[in-house]
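What follows is start.txt (compact mmCIF, C-alpha atoms and all ligand atoms).
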```txt
# COMPACT_ATOMS: atom_id res chain seq x y z
CA MET A 545 0.00 0.00 0.00
CA VAL A 546 1.09 3.51 -0.71
CA ASP A 547 1.64 5.37 2.51
CA GLY A 548 -0.12 8.68 2.22
CA SER A 549 1.85 10.07 5.16
CA VAL A 550 5.08 9.99 3.18
CA THR A 551 6.15 13.57 2.80
CA ARG A 552 9.64 13.23 1.42
CA GLY A 553 9.70 12.35 -2.25
CA ARG A 554 7.01 11.24 -4.63
CA VAL A 555 4.57 8.43 -4.04
CA LYS A 556 4.59 6.00 -6.95
CA PRO A 557 1.67 3.57 -7.15
CA VAL A 558 3.67 1.19 -9.33
CA ALA A 559 6.06 0.48 -6.47
CA ALA A 560 3.29 0.07 -3.92
CA GLY A 561 3.93 -2.84 -1.60
CA SER A 562 7.65 -3.07 -2.32
CA MET A 563 10.44 -2.24 0.08
CA LEU A 564 12.95 -1.48 -2.66
CA TYR A 565 12.15 -0.74 -6.29
CA LEU A 566 14.79 -0.10 -8.91
CA ASP A 567 13.70 0.42 -12.48
CA GLY A 568 15.85 1.17 -15.51
CA VAL A 569 18.78 2.27 -13.38
CA THR A 570 21.84 3.21 -15.39
CA VAL A 571 25.14 4.40 -13.96
CA SER A 572 27.96 5.43 -16.30
CA PHE A 573 31.58 6.07 -15.42
CA ASP A 574 33.24 7.85 -18.35
CA GLY A 575 30.86 6.19 -20.78
CA PHE A 576 31.26 2.73 -19.22
CA LYS A 577 27.99 1.41 -17.86
CA ALA A 578 28.50 -0.04 -14.39
CA LEU A 579 24.72 -0.46 -14.21
CA ASP A 580 22.80 -0.85 -17.42
CA ASN A 581 19.03 -0.51 -17.20
CA LEU A 582 18.89 -2.51 -13.98
CA SER A 583 15.51 -3.36 -12.49
CA LEU A 584 15.16 -5.07 -9.14
CA VAL A 585 12.25 -5.27 -6.68
CA LEU A 586 12.45 -6.46 -3.07
CA ALA A 587 9.32 -7.25 -1.07
CA PRO A 588 9.04 -6.23 2.59
CA GLY A 589 10.60 -8.84 4.86
CA GLU A 590 12.36 -10.56 2.01
CA LEU A 591 15.86 -12.03 2.21
CA ARG A 592 17.50 -11.67 -1.22
CA CYS A 593 20.91 -12.81 -2.39
CA ILE A 594 22.61 -10.79 -5.06
CA ILE A 595 25.38 -12.59 -6.84
CA GLY A 596 27.48 -11.98 -9.93
CA PRO A 597 31.10 -12.01 -11.04
CA ASN A 598 33.54 -9.24 -10.15
CA GLY A 599 32.57 -6.01 -11.85
CA ALA A 600 28.92 -7.05 -12.28
CA GLY A 601 27.72 -3.88 -10.56
CA LYS A 602 26.77 -5.22 -7.12
CA THR A 603 28.61 -2.57 -5.13
CA THR A 604 27.43 0.16 -7.52
CA MET A 605 23.85 -1.00 -6.95
CA MET A 606 24.32 -0.61 -3.19
CA ASP A 607 25.97 2.77 -3.75
CA VAL A 608 22.89 3.88 -5.67
CA VAL A 609 20.46 2.71 -2.99
CA THR A 610 22.41 4.40 -0.20
CA GLY A 611 22.81 7.65 -2.15
CA ARG A 612 26.57 7.49 -2.57
CA THR A 613 26.21 7.34 -6.36
CA LYS A 614 23.45 9.02 -8.35
CA PRO A 615 22.31 7.23 -11.52
CA ASP A 616 22.10 8.87 -14.95
CA LYS A 617 18.71 7.31 -15.48
CA GLY A 618 16.10 5.26 -13.71
CA GLU A 619 13.93 5.15 -10.64
CA VAL A 620 14.90 4.19 -7.11
CA LEU A 621 11.99 3.97 -4.68
CA PHE A 622 11.87 2.84 -1.07
CA ASP A 623 9.16 1.52 1.21
CA GLY A 624 6.21 1.72 -1.13
CA GLY A 625 7.23 4.76 -3.13
CA VAL A 626 9.62 7.18 -1.45
CA ASP A 627 11.90 8.55 -4.16
CA LEU A 628 15.50 8.16 -2.97
CA LEU A 629 17.12 10.04 -5.83
CA PRO A 630 16.74 13.59 -4.46
CA LEU A 631 18.05 12.50 -1.04
CA ASP A 632 21.63 12.50 0.21
CA GLU A 633 23.30 9.65 2.09
CA ALA A 634 22.38 10.96 5.54
CA ALA A 635 18.71 11.43 4.66
CA ILE A 636 18.55 7.93 3.14
CA ALA A 637 20.13 6.38 6.25
CA GLU A 638 17.62 8.21 8.37
CA LEU A 639 14.74 6.74 6.37
CA GLY A 640 15.88 3.29 7.51
CA ILE A 641 18.44 1.93 5.05
CA GLY A 642 21.60 0.53 6.60
CA ARG A 643 24.66 -0.95 5.01
CA LYS A 644 27.32 -3.28 6.25
CA PHE A 645 30.56 -3.02 4.36
CA GLN A 646 32.77 -6.01 3.74
CA ALA A 647 35.53 -4.99 6.17
CA PRO A 648 34.38 -4.74 9.79
CA THR A 649 34.44 -1.24 11.25
CA VAL A 650 33.87 -2.01 14.92
CA PHE A 651 35.71 0.07 17.51
CA GLU A 652 38.41 -2.30 18.75
CA ALA A 653 39.07 -0.49 22.03
CA LEU A 654 35.39 -0.39 23.02
CA SER A 655 33.38 -3.27 24.40
CA VAL A 656 30.78 -5.10 22.34
CA PHE A 657 28.09 -3.40 24.41
CA GLU A 658 29.61 0.06 23.87
CA ASN A 659 29.81 -0.53 20.13
CA LEU A 660 26.08 -1.25 20.09
CA GLU A 661 25.45 1.73 22.34
CA LEU A 662 27.23 4.01 19.90
CA ALA A 663 25.30 2.60 16.97
CA LEU A 664 22.03 3.01 18.86
CA ARG A 665 22.69 6.65 19.57
CA ASN A 666 24.00 7.04 16.06
CA ASP A 667 26.43 9.65 17.27
CA ARG A 668 30.05 9.64 16.27
CA SER A 669 31.10 11.62 19.31
CA VAL A 670 32.28 8.66 21.40
CA PHE A 671 32.85 10.37 24.74
CA ALA A 672 29.64 12.37 24.83
CA THR A 673 27.71 9.26 23.87
CA LEU A 674 29.22 6.90 26.42
CA ALA A 675 28.86 9.45 29.20
CA ALA A 676 25.11 9.71 28.68
CA VAL A 677 22.83 7.30 30.53
CA LEU A 678 20.85 4.75 28.54
CA SER A 679 17.11 4.55 29.02
CA THR A 680 15.69 1.20 30.13
CA GLU A 681 14.22 0.78 26.70
CA GLN A 682 17.57 1.40 25.00
CA ARG A 683 19.33 -1.03 27.34
CA GLU A 684 16.71 -3.69 26.65
CA ARG A 685 17.05 -3.14 22.93
CA ILE A 686 20.81 -3.65 23.11
CA GLU A 687 20.40 -6.80 25.22
CA GLU A 688 17.85 -8.15 22.78
CA VAL A 689 20.27 -7.58 19.90
CA LEU A 690 23.16 -9.12 21.88
CA GLN A 691 21.06 -12.27 22.12
CA ILE A 692 20.19 -12.26 18.42
CA ILE A 693 23.82 -11.89 17.37
CA ASP A 694 24.95 -14.42 19.99
CA LEU A 695 27.38 -12.06 21.76
CA LEU A 696 25.66 -11.78 25.13
CA ASP A 697 28.41 -13.70 26.92
CA VAL A 698 31.15 -11.46 25.54
CA ARG A 699 29.30 -8.15 25.79
CA PHE A 700 31.91 -6.58 28.08
CA ASN A 701 34.90 -7.77 26.05
CA GLU A 702 36.77 -5.37 23.81
CA GLY A 703 36.04 -5.41 20.10
CA ALA A 704 39.67 -6.33 19.49
CA THR A 705 39.21 -9.68 21.24
CA LEU A 706 36.42 -10.86 18.93
CA SER A 707 36.91 -13.42 16.19
CA HIS A 708 36.42 -12.29 12.59
CA GLY A 709 32.97 -13.86 12.56
CA GLN A 710 31.96 -12.21 15.82
CA LYS A 711 33.02 -8.83 14.43
CA GLN A 712 30.77 -9.38 11.42
CA TRP A 713 27.86 -10.26 13.71
CA LEU A 714 28.51 -7.20 15.81
CA GLU A 715 28.31 -5.10 12.65
CA ILE A 716 24.99 -6.68 11.81
CA GLY A 717 23.93 -5.95 15.39
CA MET A 718 24.88 -2.32 14.91
CA LEU A 719 22.37 -2.15 12.07
CA LEU A 720 19.78 -4.01 14.14
CA VAL A 721 19.85 -1.58 17.06
CA GLN A 722 19.25 1.21 14.57
CA ASP A 723 16.08 -0.60 13.56
CA GLN A 724 16.70 -0.31 9.83
CA LYS A 725 13.92 -1.36 7.48
CA LEU A 726 16.33 -2.39 4.75
CA MET A 727 19.76 -3.85 5.41
CA LEU A 728 22.35 -4.18 2.67
CA VAL A 729 25.01 -6.68 3.67
CA ASP A 730 28.19 -7.03 1.64
CA GLU A 731 29.88 -10.45 1.72
CA PRO A 732 29.08 -11.41 5.31
CA ALA A 733 30.62 -14.88 5.02
CA ALA A 734 33.99 -13.86 3.60
CA GLY A 735 36.82 -15.17 5.77
CA MET A 736 34.51 -17.07 8.12
CA THR A 737 34.98 -20.58 9.45
CA THR A 738 32.39 -23.21 8.56
CA GLY A 739 30.77 -22.91 11.97
CA GLU A 740 30.61 -19.12 11.71
CA ARG A 741 29.02 -19.40 8.28
CA GLU A 742 26.32 -21.71 9.57
CA ARG A 743 25.60 -19.30 12.40
CA THR A 744 25.50 -16.39 9.94
CA VAL A 745 22.94 -18.20 7.80
CA GLU A 746 20.75 -18.61 10.89
CA LEU A 747 21.28 -15.00 11.88
CA LEU A 748 20.37 -13.52 8.48
CA THR A 749 17.40 -15.83 8.16
CA SER A 750 16.08 -14.82 11.58
CA ILE A 751 16.56 -11.09 10.86
CA ALA A 752 14.61 -11.21 7.59
CA GLY A 753 10.86 -11.23 7.96
CA GLU A 754 10.81 -8.30 10.31
CA ARG A 755 13.06 -6.39 7.95
CA THR A 756 14.25 -6.66 4.40
CA VAL A 757 17.77 -7.95 3.86
CA ALA A 758 19.81 -7.90 0.66
CA VAL A 759 23.00 -9.94 0.82
CA VAL A 760 25.81 -9.71 -1.72
CA GLU A 761 27.76 -12.94 -1.58
CA HIS A 762 30.17 -14.98 -3.68
CA ASP A 763 30.14 -18.22 -1.78
CA MET A 764 27.63 -20.50 -3.52
CA GLU A 765 27.33 -22.92 -0.60
CA PHE A 766 26.44 -20.00 1.62
CA VAL A 767 23.87 -18.69 -0.87
CA ARG A 768 22.37 -22.17 -1.15
CA ALA A 769 22.12 -22.44 2.63
CA LEU A 770 20.28 -19.11 2.81
CA ALA A 771 17.60 -20.66 0.59
CA SER A 772 16.36 -17.27 -0.59
CA LYS A 773 15.53 -15.85 -3.98
CA VAL A 774 18.69 -15.05 -5.92
CA SER A 775 19.33 -12.23 -8.40
CA VAL A 776 22.29 -12.65 -10.72
CA LEU A 777 23.94 -9.49 -12.01
CA HIS A 778 26.26 -9.42 -14.99
CA GLU A 779 27.71 -6.38 -16.73
CA GLY A 780 25.32 -4.11 -14.87
CA ARG A 781 22.22 -6.03 -15.87
CA LEU A 782 19.92 -8.56 -14.25
CA LEU A 783 20.87 -11.86 -15.90
CA ALA A 784 18.63 -14.27 -14.01
CA GLU A 785 16.42 -14.43 -10.96
CA GLY A 786 14.87 -17.24 -8.95
CA SER A 787 15.81 -20.05 -6.61
CA ILE A 788 19.46 -21.08 -6.42
CA ASP A 789 18.64 -24.22 -8.43
CA THR A 790 16.91 -22.16 -11.12
CA VAL A 791 19.76 -19.73 -11.56
CA GLN A 792 22.49 -22.38 -11.32
CA SER A 793 20.90 -24.30 -14.18
CA ASN A 794 20.50 -21.16 -16.31
CA GLU A 795 22.70 -21.41 -19.43
CA GLU A 796 23.76 -17.77 -19.34
CA VAL A 797 24.62 -17.96 -15.66
CA ILE A 798 26.70 -21.08 -16.22
CA GLU A 799 28.54 -19.33 -19.05
CA VAL A 800 29.23 -16.23 -16.98
CA TYR A 801 30.45 -18.16 -13.94
CA LEU A 802 32.20 -21.12 -15.54
CA GLY A 803 32.84 -20.11 -19.10
CA ARG A 804 35.97 -18.06 -18.56
N1 LIG B 901 33.96 5.17 -9.39
C1 LIG B 901 34.14 4.39 -10.45
N2 LIG B 901 34.77 4.89 -11.55
C2 LIG B 901 34.95 4.11 -12.64
N3 LIG B 901 34.52 2.86 -12.75
C3 LIG B 901 33.90 2.32 -11.70
C4 LIG B 901 33.67 3.04 -10.50
N4 LIG B 901 33.00 2.24 -9.63
C5 LIG B 901 32.83 1.06 -10.25
N5 LIG B 901 33.36 1.09 -11.50
C6 LIG B 901 33.32 0.00 -12.48
O1 LIG B 901 31.99 -0.44 -12.58
C7 LIG B 901 31.94 -1.85 -12.71
C8 LIG B 901 31.07 -2.40 -11.62
O2 LIG B 901 31.77 -2.32 -10.39
P1 LIG B 901 31.20 -2.83 -9.01
O3 LIG B 901 29.85 -2.27 -8.80
O4 LIG B 901 32.22 -2.53 -7.97
O5 LIG B 901 31.10 -4.41 -9.26
P2 LIG B 901 30.98 -5.61 -8.21
O6 LIG B 901 30.73 -5.05 -6.86
O7 LIG B 901 29.87 -6.45 -8.75
O8 LIG B 901 32.29 -6.35 -8.29
C9 LIG B 901 33.37 -2.35 -12.67
O9 LIG B 901 33.81 -2.55 -14.00
C10 LIG B 901 34.11 -1.21 -12.02
O10 LIG B 901 35.44 -1.16 -12.47
MG MG B 902 31.76 -5.22 -5.07
```

What's the structure tokens form of this structure?
Ligand SMILES: Nc1ncnc2c1ncn2[C@@H]1O[C@H](COP(=O)(O)OP(=O)(O)O)[C@@H](O)[C@H]1O
Ligand SMILES: [Mg+2]
Amino acid sequence: MVDGSVTRGRVKPVAAGSMLYLDGVTVSFDGFKALDNLSLVLAPGELRCIIGPNGAGKTTMMDVVTGRTKPDKGEVLFDGGVDLLPLDEAAIAELGIGRKFQAPTVFEALSVFENLELALRNDRSVFATLAAVLSTEQRERIEEVLQIIDLLDVRFNEGATLSHGQKQWLEIGMLLVQDQKLMLVDEPAAGMTTGERERTVELLTSIAGERTVAVVEHDMEFVRALASKVSVLHEGRLLAEGSIDTVQSNEEVIEVYLGR
């Protein structure tokens, strides 16, 4: 449904009911099309994997959604029709779109709890933030997220002491405390142990439903385990879409992944 209370941006009936709607998005860098007429629609609560070889345009797509890159052409609508194109990165983040980059950016000298506290307050001024007292509600929210990301037992340990996998989960937790509607997660499984991967599959699966999650990932076993709809990008275009079995048996996908 189109939300009539939306004041920022246009309301587009065609995107009604979607959480993210990209249509005909083209991004050129010196004449080279990093995205070429890309269309992609994510339903609310959906978990979607976005795969594709290096240079396919996956990062550029995320840059467009988060406002870092503005397309030459196309439509980018959020949450039933809010036009993201006139908005800058800060305004888009405020609407409820969060992004987890590939390399963890947790504060190593702060505890797990303090990292979540900072993210919750969304304030980069560390000392002012940590000096302020948390409300009961905020504390409960952080504890809830600590449970979801499985870091409750290590909540008072410094970020530096966490394993690579735990750092990735903490980053996901930092998006969760901010209560984002749409989470863009770049290669969460990279560098993880098998056990950490399995836990990450559970984590992402449990997060989706309440919120919409788009995961860029290269590891096919991981994508298979997520058991979500998969979109395959190639040369800035949508090559195939469907279940992992559907896309893995697609001739063009096989050619792109195996044929070189
Ligand atoms: N700022 C930029 N300037 C020039 N070319 C770029 C820029 N950003 C990305 N590209 C090019 O666009 C294509 C898509 O890149 P990218 O979105 O990073 O792909 P992926 O994340 O799927 O590997 C690549 O060929 C890349 O070299
Ligand atoms: Mg990339």

Can you tell me which residues come within 6 Å of ligand LIG 901 (chain B) when counting only C-alpha atoms and all ligand atoms, ideally as number ranges by chain? A: 573, 578, 598-604

Smallest atom-to-atom distance to A:Val626: which of A:Ala587, A:Met563, A:Val656, A:Ile595, using all atoms listed in the file? A:Met563

Could you check how far atom CA of A:Leu582 sits from atom CA of A:Glu731, in Å to one decimal? 20.7 Å

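Using only C-alpha atoms and all ligand atoms for every distance, the candidate list A:Gly735, A:Gly568, A:Gly780, A:Pro615 yields A:Gly780 as the residue closest to ligand MG 902 (chain B).
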
Find the distance between atom CA of A:Met736 and atom CA of A:Ala771 and write it in Å to one decimal. 18.9 Å

Which of these, A:Arg781, A:Arg592, A:Arg683, A:Lys711, has the shortest distance to A:Val650 once you count only C-alpha atoms? A:Lys711

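Comparing the minimum interatomic distances between A:Gly709 and each of A:Val776, A:Leu695, A:Leu631, A:Val721, counting all atoms listed in the file, we find that A:Leu695 sits nearest.
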
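Shortest separation to A:Met606 among A:Val729, A:Ser572, A:Glu742, A:Thr649 occurs at residue A:Val729, atoms counted being only C-alpha atoms.
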
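In this structure, atom CA of A:Gly640 sits 20.4 Å away from atom CA of A:Glu684.
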
Completion of stretch 570-601 of chain A up to N, CA and C atoms, as an mmCIF file, keeping the file's coordinate frame:
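For reference, selection_3.cif as written:
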```cif
data_model
loop_
_atom_site.group_PDB
_atom_site.id
_atom_site.type_symbol
_atom_site.label_atom_id
_atom_site.label_comp_id
_atom_site.auth_asym_id
_atom_site.auth_seq_id
_atom_site.Cartn_x
_atom_site.Cartn_y
_atom_site.Cartn_z
ATOM 1 N N THR A 570 20.606 3.197 -14.620
ATOM 2 C CA THR A 570 21.840 3.210 -15.390
ATOM 3 C C THR A 570 22.848 4.139 -14.737
ATOM 4 N N VAL A 571 24.049 3.600 -14.522
ATOM 5 C CA VAL A 571 25.140 4.400 -13.960
ATOM 6 C C VAL A 571 26.322 4.305 -14.916
ATOM 7 N N SER A 572 26.804 5.442 -15.401
ATOM 8 C CA SER A 572 27.960 5.430 -16.300
ATOM 9 C C SER A 572 29.157 6.077 -15.625
ATOM 10 N N PHE A 573 30.322 5.459 -15.832
ATOM 11 C CA PHE A 573 31.580 6.070 -15.420
ATOM 12 C C PHE A 573 32.386 6.296 -16.698
ATOM 13 N N ASP A 574 32.528 7.520 -17.106
ATOM 14 C CA ASP A 574 33.240 7.850 -18.350
ATOM 15 C C ASP A 574 32.742 7.010 -19.526
ATOM 16 N N GLY A 575 31.431 6.908 -19.640
ATOM 17 C CA GLY A 575 30.860 6.190 -20.780
ATOM 18 C C GLY A 575 30.702 4.691 -20.552
ATOM 19 N N PHE A 576 31.388 4.155 -19.544
ATOM 20 C CA PHE A 576 31.260 2.730 -19.220
ATOM 21 C C PHE A 576 30.072 2.526 -18.294
ATOM 22 N N LYS A 577 29.193 1.601 -18.663
ATOM 23 C CA LYS A 577 27.990 1.410 -17.860
ATOM 24 C C LYS A 577 28.194 0.371 -16.752
ATOM 25 N N ALA A 578 28.360 0.861 -15.545
ATOM 26 C CA ALA A 578 28.500 -0.040 -14.390
ATOM 27 C C ALA A 578 27.159 -0.672 -14.065
ATOM 28 N N LEU A 579 26.068 0.091 -14.262
ATOM 29 C CA LEU A 579 24.720 -0.460 -14.210
ATOM 30 C C LEU A 579 24.039 -0.080 -15.515
ATOM 31 N N ASP A 580 23.359 -1.049 -16.100
ATOM 32 C CA ASP A 580 22.800 -0.850 -17.420
ATOM 33 C C ASP A 580 21.326 -1.240 -17.421
ATOM 34 N N ASN A 581 20.473 -0.258 -17.169
ATOM 35 C CA ASN A 581 19.030 -0.510 -17.200
ATOM 36 C C ASN A 581 18.608 -1.593 -16.195
ATOM 37 N N LEU A 582 19.146 -1.494 -15.006
ATOM 38 C CA LEU A 582 18.890 -2.510 -13.980
ATOM 39 C C LEU A 582 17.535 -2.308 -13.303
ATOM 40 N N SER A 583 16.770 -3.384 -13.228
ATOM 41 C CA SER A 583 15.510 -3.360 -12.490
ATOM 42 C C SER A 583 15.530 -4.465 -11.450
ATOM 43 N N LEU A 584 15.074 -4.130 -10.262
ATOM 44 C CA LEU A 584 15.160 -5.070 -9.140
ATOM 45 C C LEU A 584 14.092 -4.658 -8.131
ATOM 46 N N VAL A 585 13.285 -5.603 -7.674
ATOM 47 C CA VAL A 585 12.250 -5.270 -6.680
ATOM 48 C C VAL A 585 12.357 -6.215 -5.491
ATOM 49 N N LEU A 586 12.416 -5.667 -4.302
ATOM 50 C CA LEU A 586 12.450 -6.460 -3.070
ATOM 51 C C LEU A 586 11.168 -6.228 -2.284
ATOM 52 N N ALA A 587 10.538 -7.333 -1.874
ATOM 53 C CA ALA A 587 9.320 -7.250 -1.070
ATOM 54 C C ALA A 587 9.676 -7.022 0.392
ATOM 55 N N PRO A 588 8.773 -6.411 1.155
ATOM 56 C CA PRO A 588 9.040 -6.230 2.590
ATOM 57 C C PRO A 588 9.268 -7.581 3.273
ATOM 58 N N GLY A 589 10.310 -7.628 4.107
ATOM 59 C CA GLY A 589 10.600 -8.840 4.860
ATOM 60 C C GLY A 589 11.381 -9.892 4.091
ATOM 61 N N GLU A 590 11.662 -9.598 2.836
ATOM 62 C CA GLU A 590 12.360 -10.560 2.010
ATOM 63 C C GLU A 590 13.852 -10.647 2.337
ATOM 64 N N LEU A 591 14.408 -11.839 2.194
ATOM 65 C CA LEU A 591 15.860 -12.030 2.210
ATOM 66 C C LEU A 591 16.255 -12.329 0.768
ATOM 67 N N ARG A 592 17.118 -11.506 0.194
ATOM 68 C CA ARG A 592 17.500 -11.670 -1.220
ATOM 69 C C ARG A 592 19.016 -11.735 -1.334
ATOM 70 N N CYS A 593 19.475 -12.727 -2.094
ATOM 71 C CA CYS A 593 20.910 -12.810 -2.390
ATOM 72 C C CYS A 593 21.171 -12.182 -3.737
ATOM 73 N N ILE A 594 22.208 -11.390 -3.793
ATOM 74 C CA ILE A 594 22.610 -10.790 -5.060
ATOM 75 C C ILE A 594 24.006 -11.293 -5.373
ATOM 76 N N ILE A 595 24.094 -12.017 -6.472
ATOM 77 C CA ILE A 595 25.380 -12.590 -6.840
ATOM 78 C C ILE A 595 25.770 -12.106 -8.230
ATOM 79 N N GLY A 596 26.999 -12.384 -8.613
ATOM 80 C CA GLY A 596 27.480 -11.980 -9.930
ATOM 81 C C GLY A 596 28.979 -11.864 -9.875
ATOM 82 N N PRO A 597 29.637 -12.063 -11.022
ATOM 83 C CA PRO A 597 31.100 -12.010 -11.040
ATOM 84 C C PRO A 597 31.625 -10.618 -10.680
ATOM 85 N N ASN A 598 32.912 -10.537 -10.426
ATOM 86 C CA ASN A 598 33.540 -9.240 -10.150
ATOM 87 C C ASN A 598 33.216 -8.246 -11.246
ATOM 88 N N GLY A 599 32.862 -7.041 -10.860
ATOM 89 C CA GLY A 599 32.570 -6.010 -11.850
ATOM 90 C C GLY A 599 31.148 -6.032 -12.355
ATOM 91 N N ALA A 600 30.309 -6.919 -11.812
ATOM 92 C CA ALA A 600 28.920 -7.050 -12.280
ATOM 93 C C ALA A 600 28.072 -5.825 -11.956
ATOM 94 N N GLY A 601 28.488 -5.070 -10.931
ATOM 95 C CA GLY A 601 27.720 -3.880 -10.560
ATOM 96 C C GLY A 601 27.070 -3.968 -9.183
#
```
